[in-house]
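Structure data follow from model-v8.pdb (PDB, C-alpha atoms):
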```
ATOM      1  CA  MET A   1      -3.060   8.100  28.034
ATOM      2  CA  ALA A   2      -3.295   8.133  31.828
ATOM      3  CA  TRP A   3      -7.037   8.569  31.368
ATOM      4  CA  ALA A   4      -7.184   5.328  29.287
ATOM      5  CA  ILE A   5      -5.258   3.410  31.970
ATOM      6  CA  ALA A   6      -7.556   4.723  34.713
ATOM      7  CA  VAL A   7     -10.719   3.821  32.783
ATOM      8  CA  VAL A   8      -9.488   0.287  32.066
ATOM      9  CA  SER A   9      -8.361  -0.192  35.679
ATOM     10  CA  VAL A  10     -11.720   0.983  37.069
ATOM     11  CA  ALA A  11     -13.608  -1.248  34.609
ATOM     12  CA  PHE A  12     -11.603  -4.311  35.696
ATOM     13  CA  VAL A  13     -11.986  -3.530  39.410
ATOM     14  CA  LEU A  14     -15.763  -3.232  38.981
ATOM     15  CA  ALA A  15     -15.771  -6.521  37.053
ATOM     16  CA  GLY A  16     -13.789  -8.260  39.800
ATOM     17  CA  VAL A  17     -10.691  -8.896  37.648
ATOM     18  CA  PRO A  18      -7.514  -9.455  39.743
ATOM     19  CA  SER A  19      -5.218  -6.429  39.945
ATOM     20  CA  ALA A  20      -2.336  -8.034  37.979
ATOM     21  CA  ALA A  21      -4.625  -8.813  35.015
ATOM     22  CA  ALA A  22      -6.115  -5.324  35.161
ATOM     23  CA  ASP A  23      -2.629  -3.768  35.164
ATOM     24  CA  ALA A  24      -1.552  -5.908  32.187
ATOM     25  CA  SER A  25      -4.657  -4.968  30.212
ATOM     26  CA  ALA A  26      -4.265  -1.294  31.058
ATOM     27  CA  THR A  27      -0.654  -1.430  29.893
ATOM     28  CA  ALA A  28      -1.751  -3.059  26.618
ATOM     29  CA  VAL A  29      -4.396  -0.355  26.076
ATOM     30  CA  ALA A  30      -1.792   2.349  26.717
ATOM     31  CA  ALA A  31       0.667   0.719  24.278
ATOM     32  CA  ASP A  32      -2.076   0.467  21.657
ATOM     33  CA  ALA A  33      -2.926   4.148  22.179
ATOM     34  CA  ARG A  34       0.756   5.073  21.731
ATOM     35  CA  GLU A  35       0.958   2.996  18.526
ATOM     36  CA  THR A  36      -2.244   4.572  17.185
ATOM     37  CA  ALA A  37      -0.814   8.037  17.826
ATOM     38  CA  ALA A  38       2.476   7.057  16.175
ATOM     39  CA  ASP A  39       0.625   5.569  13.182
ATOM     40  CA  ALA A  40      -1.380   8.753  12.750
ATOM     41  CA  GLN A  41       1.856  10.715  12.591
ATOM     42  CA  THR A  42       3.663   8.340  10.229
ATOM     43  CA  LEU A  43       0.780   7.857   7.790
ATOM     44  CA  THR A  44       1.406  11.368   6.495
ATOM     45  CA  PRO A  45       2.766  10.572   3.046
ATOM     46  CA  PRO A  46       6.343  11.618   2.355
ATOM     47  CA  SER A  47       7.452  13.504  -0.699
ATOM     48  CA  PRO A  48       8.516  11.117  -3.490
ATOM     49  CA  ALA A  49      11.622  13.197  -4.149
ATOM     50  CA  SER A  50      12.715  12.763  -0.517
ATOM     51  CA  HIS A  51      13.210   9.043  -1.204
ATOM     52  CA  GLY A  52      15.218   9.260  -4.396
ATOM     53  CA  ALA A  53      12.252   8.805  -6.727
ATOM     54  CA  SER A  54      11.309  11.350  -9.320
ATOM     55  CA  ALA A  55       8.153  13.291  -8.566
ATOM     56  CA  ARG A  56       6.359  11.422 -11.334
ATOM     57  CA  TRP A  57       6.768   7.754 -12.131
ATOM     58  CA  ALA A  58       5.751   6.150 -15.380
ATOM     59  CA  TRP A  59       2.443   4.305 -15.155
ATOM     60  CA  PRO A  60       2.947   0.523 -14.897
ATOM     61  CA  LEU A  61       0.406  -0.219 -17.637
ATOM     62  CA  ALA A  62      -0.175   1.096 -21.143
ATOM     63  CA  PRO A  63      -2.816   3.848 -21.354
ATOM     64  CA  PRO A  64      -5.630   4.514 -20.879
ATOM     65  CA  TRP A  65      -5.379   4.373 -17.093
ATOM     66  CA  ARG A  66      -8.453   3.927 -14.969
ATOM     67  CA  VAL A  67      -8.365   3.689 -11.190
ATOM     68  CA  LEU A  68     -11.084   1.255 -10.136
ATOM     69  CA  ARG A  69     -10.441   1.629  -6.403
ATOM     70  CA  GLY A  70      -8.305   4.204  -4.663
ATOM     71  CA  PHE A  71      -6.002   4.081  -1.656
ATOM     72  CA  GLU A  72      -7.772   3.966   1.718
ATOM     73  CA  ALA A  73      -5.348   4.575   4.578
ATOM     74  CA  PRO A  74      -5.974   2.415   7.635
ATOM     75  CA  GLU A  75      -6.487   4.116  10.990
ATOM     76  CA  THR A  76      -3.624   2.096  12.459
ATOM     77  CA  ARG A  77      -1.039  -0.276  11.045
ATOM     78  CA  TYR A  78      -3.341  -3.264  11.665
ATOM     79  CA  SER A  79      -6.712  -1.688  10.806
ATOM     80  CA  ALA A  80      -8.743  -2.388   7.707
ATOM     81  CA  GLY A  81      -7.959  -0.323   4.631
ATOM     82  CA  HIS A  82      -7.027  -0.599   0.978
ATOM     83  CA  ARG A  83      -3.240  -0.292   0.917
ATOM     84  CA  GLY A  84      -2.856   0.518  -2.748
ATOM     85  CA  ILE A  85      -4.832   1.265  -5.880
ATOM     86  CA  ASP A  86      -6.556  -1.034  -8.347
ATOM     87  CA  LEU A  87      -5.989  -0.227 -12.016
ATOM     88  CA  MET A  88      -8.175  -1.532 -14.815
ATOM     89  CA  ALA A  89      -6.221  -4.138 -16.784
ATOM     90  CA  ALA A  90      -6.723  -7.447 -18.556
ATOM     91  CA  PRO A  91      -4.929 -10.760 -18.062
ATOM     92  CA  GLY A  92      -1.901 -10.863 -20.355
ATOM     93  CA  ASP A  93      -1.253  -7.103 -20.210
ATOM     94  CA  ALA A  94       2.418  -6.132 -19.891
ATOM     95  CA  VAL A  95       3.409  -4.688 -16.505
ATOM     96  CA  LEU A  96       6.151  -2.059 -16.717
ATOM     97  CA  ALA A  97       8.651  -0.722 -14.187
ATOM     98  CA  PRO A  98       7.544   2.764 -13.087
ATOM     99  CA  GLU A  99      11.169   3.659 -12.265
ATOM    100  CA  ALA A 100      14.589   2.043 -12.375
ATOM    101  CA  GLY A 101      15.073  -0.481  -9.611
ATOM    102  CA  THR A 102      15.776  -4.050  -8.582
ATOM    103  CA  ILE A 103      13.416  -7.016  -8.395
ATOM    104  CA  TYR A 104      12.994  -7.484  -4.645
ATOM    105  CA  PHE A 105      10.504 -10.381  -4.721
ATOM    106  CA  THR A 106       8.665 -12.511  -7.227
ATOM    107  CA  GLY A 107       6.432 -15.365  -6.153
ATOM    108  CA  GLN A 108       3.205 -16.286  -4.429
ATOM    109  CA  VAL A 109       1.676 -14.381  -1.517
ATOM    110  CA  ALA A 110      -1.579 -15.810  -0.156
ATOM    111  CA  GLY A 111      -1.973 -17.798  -3.371
ATOM    112  CA  ARG A 112      -1.539 -14.753  -5.625
ATOM    113  CA  PRO A 113       1.399 -14.051  -7.931
ATOM    114  CA  VAL A 114       3.219 -10.903  -6.788
ATOM    115  CA  VAL A 115       6.174  -8.922  -8.120
ATOM    116  CA  THR A 116       7.852  -6.370  -5.842
ATOM    117  CA  LEU A 117      10.300  -3.807  -7.158
ATOM    118  CA  GLU A 118      12.769  -2.005  -4.859
ATOM    119  CA  LEU A 119      13.403   1.527  -6.080
ATOM    120  CA  ASP A 120      15.816   2.513  -3.333
ATOM    121  CA  ASP A 121      16.446   1.543   0.271
ATOM    122  CA  ALA A 122      13.093   2.915   1.416
ATOM    123  CA  VAL A 123      10.596   2.414  -1.438
ATOM    124  CA  LEU A 124       8.999  -0.900  -2.477
ATOM    125  CA  VAL A 125       6.329  -1.175  -5.185
ATOM    126  CA  SER A 126       4.249  -4.362  -5.390
ATOM    127  CA  PHE A 127       2.042  -5.523  -8.254
ATOM    128  CA  GLU A 128      -0.552  -8.303  -8.087
ATOM    129  CA  PRO A 129      -1.608 -10.595  -9.673
ATOM    130  CA  VAL A 130       1.542 -10.435 -11.784
ATOM    131  CA  THR A 131       3.870 -13.210 -12.930
ATOM    132  CA  SER A 132       7.466 -12.590 -13.945
ATOM    133  CA  ALA A 133      10.350 -14.517 -15.453
ATOM    134  CA  LEU A 134      12.800 -12.111 -13.789
ATOM    135  CA  ALA A 135      14.839 -13.353 -10.837
ATOM    136  CA  LYS A 136      15.332 -11.615  -7.501
ATOM    137  CA  ASP A 137      18.012  -8.899  -7.728
ATOM    138  CA  SER A 138      17.474  -8.397 -11.496
ATOM    139  CA  THR A 139      18.014  -4.751 -12.421
ATOM    140  CA  VAL A 140      15.365  -2.968 -14.478
ATOM    141  CA  THR A 141      15.075   0.504 -15.955
ATOM    142  CA  ARG A 142      12.026   2.726 -16.184
ATOM    143  CA  GLY A 143       9.570   1.275 -18.692
ATOM    144  CA  ASP A 144      11.085  -2.246 -18.783
ATOM    145  CA  ARG A 145       8.603  -5.096 -18.808
ATOM    146  CA  ILE A 146       8.723  -6.699 -15.360
ATOM    147  CA  GLY A 147       5.851  -9.122 -15.731
ATOM    148  CA  THR A 148       2.481 -10.071 -17.113
ATOM    149  CA  LEU A 149      -0.910  -9.582 -15.503
ATOM    150  CA  ALA A 150      -2.279 -12.934 -14.368
ATOM    151  CA  THR A 151      -5.662 -13.792 -12.861
ATOM    152  CA  GLY A 152      -6.781 -13.932  -9.250
ATOM    153  CA  GLY A 153      -6.269 -11.396  -6.557
ATOM    154  CA  HIS A 154      -8.845  -9.473  -4.630
ATOM    155  CA  CYS A 155     -10.571  -7.849  -7.584
ATOM    156  CA  ASN A 156     -10.814 -10.889  -9.884
ATOM    157  CA  LEU A 157     -10.443 -10.202 -13.603
ATOM    158  CA  HIS A 158      -9.641  -6.860 -15.219
ATOM    159  CA  CYS A 159      -7.650  -5.342 -12.388
ATOM    160  CA  MET A 160      -4.089  -4.941 -11.139
ATOM    161  CA  HIS A 161      -3.353  -3.922  -7.552
ATOM    162  CA  VAL A 162      -0.389  -1.568  -7.005
ATOM    163  CA  GLY A 163       0.926  -0.983  -3.487
ATOM    164  CA  VAL A 164       3.743   1.349  -2.390
ATOM    165  CA  ARG A 165       5.613   1.071   0.914
ATOM    166  CA  VAL A 166       7.979   3.761   2.151
ATOM    167  CA  ASN A 167      10.045   2.706   5.164
ATOM    168  CA  GLY A 168       7.557  -0.123   5.706
ATOM    169  CA  ARG A 169       4.465   2.111   5.639
ATOM    170  CA  TYR A 170       1.906   2.013   2.849
ATOM    171  CA  VAL A 171       1.254   5.259   0.987
ATOM    172  CA  SER A 172      -0.888   6.050  -2.031
ATOM    173  CA  PRO A 173       0.787   5.161  -5.340
ATOM    174  CA  LEU A 174      -0.910   8.235  -6.815
ATOM    175  CA  LEU A 175       1.609  10.367  -4.903
ATOM    176  CA  TYR A 176       4.253   8.986  -7.240
ATOM    177  CA  LEU A 177       2.190   8.467 -10.378
ATOM    178  CA  GLY A 178       1.084  12.094 -10.312
ATOM    179  CA  GLY A 179      -2.566  11.315  -9.694
ATOM    180  CA  VAL A 180      -5.209  10.812 -12.288
ATOM    181  CA  PRO A 181      -5.437  13.276 -15.181
ATOM    182  CA  ARG A 182      -8.029  15.961 -14.514
ATOM    183  CA  ALA A 183     -11.442  15.352 -16.020
ATOM    184  CA  VAL A 184     -12.584  17.939 -18.541
ATOM    185  CA  LEU A 185     -16.260  18.823 -18.478
ATOM    186  CA  LEU A 186     -17.725  19.761 -21.825
ATOM    187  CA  PRO A 187     -20.966  21.673 -22.414
ATOM    188  CA  LEU A 188     -24.038  19.696 -23.395
ATOM    189  CA  HIS A 189     -25.303  20.236 -26.936
ATOM    190  CA  ASN A 190     -28.989  19.827 -27.746
TER     191      ASN A 190
END
```
Starting from the file, give its structure as structure tokens.
Amino acid sequence: MAWAIAVVSVAFVLAGVPSAAADASATAVAADARETAADAQTLTPPSPASHGASARWAWPLAPPWRVLRGFEAPETRYSAGHRGIDLMAAPGDAVLAPEAGTIYFTGQVAGRPVVTLELDDAVLVSFEPVTSALAKDSTVTRGDRIGTLATGGHCNLHCMHVGVRVNGRYVSPLLYLGGVPRAVLLPLHN
């Protein structure tokens, strides 16, 4: 970190930037480096069981399940990434609670209908684009219908986005859903 501060300070001195501005920028670079290091440590996904969830949730849609886009962890909290998975679905499909919990939020986010379920004090599961008639603080059990797939969202038709946050950090929903069933390769017949 001291190396980053020195490099920034030298760069500003060579560019003729006043010392106070150089010091402020160097401090910002150091803080960003600390946050990046902290993010790298906290992006390690926790065990589902350590947060009160069973090791395997129910899938939020009826089978068959097809993951159209997987989780892509961002390098830092503010970096680009895909903070969830996209499941193949059709508008009107029932969306089911993967575990017992409480409706934490239902409404619009960036013009998209979103339902968020709180499973315990640390785990939030969000579904979009999903509409729901349930009110905030409604209690649901595993498998209860929590909403209906609507249209819109980042993947247009035929997709539902599922995001999981643990203590405010996004992790892959597949950690809780148990992943995707293993593909079975069969021999070719002539």
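Interatomic distance, CA of Ser138 in chain A against CA of Phe105 in chain A: 9.9 Å.
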Would you kindly return, as a short mmCIF file (atom, residue, chain, number, x, y, z; two decimals) with C-alpha atoms, in the coordinates of the input, each protein, DNA or RNA residue with an atom no farther than 6 Å from any atom of range 74-89 of chain A, considering all atoms listed in the file and excluding same-chain residues fewer than 4 positions away?
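Final output, out_35.cif:
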```cif
data_model
loop_
_atom_site.label_atom_id
_atom_site.label_comp_id
_atom_site.auth_asym_id
_atom_site.auth_seq_id
_atom_site.Cartn_x
_atom_site.Cartn_y
_atom_site.Cartn_z
CA THR A 36 -2.24 4.57 17.18
CA ASP A 39 0.62 5.57 13.18
CA ARG A 66 -8.45 3.93 -14.97
CA VAL A 67 -8.36 3.69 -11.19
CA LEU A 68 -11.08 1.25 -10.14
CA ARG A 69 -10.44 1.63 -6.40
CA GLY A 70 -8.30 4.20 -4.66
CA HIS A 158 -9.64 -6.86 -15.22
CA CYS A 159 -7.65 -5.34 -12.39
CA MET A 160 -4.09 -4.94 -11.14
CA HIS A 161 -3.35 -3.92 -7.55
CA VAL A 162 -0.39 -1.57 -7.00
CA GLY A 163 0.93 -0.98 -3.49
CA TYR A 170 1.91 2.01 2.85
CA SER A 172 -0.89 6.05 -2.03
#
```
A:Pro98, A:Leu124, A:Thr131, A:Ala150 ranked by distance to Val171 in chain A, top pick (using all atoms listed in the file):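 Distance minimum relative to Val171 in chain A lands on A:Leu124.
Shortest atom-to-atom contact with Pro91 in chain A among A:Ala73, A:Ala122, A:Leu188, A:Val130: A:Val130, counting only C-alpha atoms.
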Contacts of range 153-156 of chain A within 7 Å, all atoms listed in the file, excl. fewer than 3 positions in-chain, as a list in words: Arg112, Glu128, Pro129 and Cys159 of chain A
Selection result of the PyMOL selection byres ((chain A and resi 121) around 10) on this file, as number ranges by chain: A: 51-52, 118-120, 122-124, 166-167
Best match for closeness to Ala62 in chain A among A:Pro187, A:Gly143, A:Gly178, A:Gly101, counting all atoms listed in the file: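 The answer is A:Gly143, which sits nearest to Ala62 in chain A.
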The PyMOL selection byres ((chain A and resi 106-109) around 9) applied to the shown file, residues as a VMD selection string: chain A and resid 103 to 105 110 to 117 130 to 136
Target residues per the PyMOL selection byres ((chain A and resi 92-97) around 7), formatted as an MDAnalysis selection string: chainID A and resid 60:61 89:91 98:100 141:150
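CA of Phe71 in chain A is found 18.2 Å from CA of Ala58 in chain A.
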One-decimal distance in Å that lies between CA of Phe127 in chain A and CA of Arg165 in chain A: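 Taking CA of Arg165 in chain A and CA of Phe127 in chain A, their separation equals 11.8 Å.
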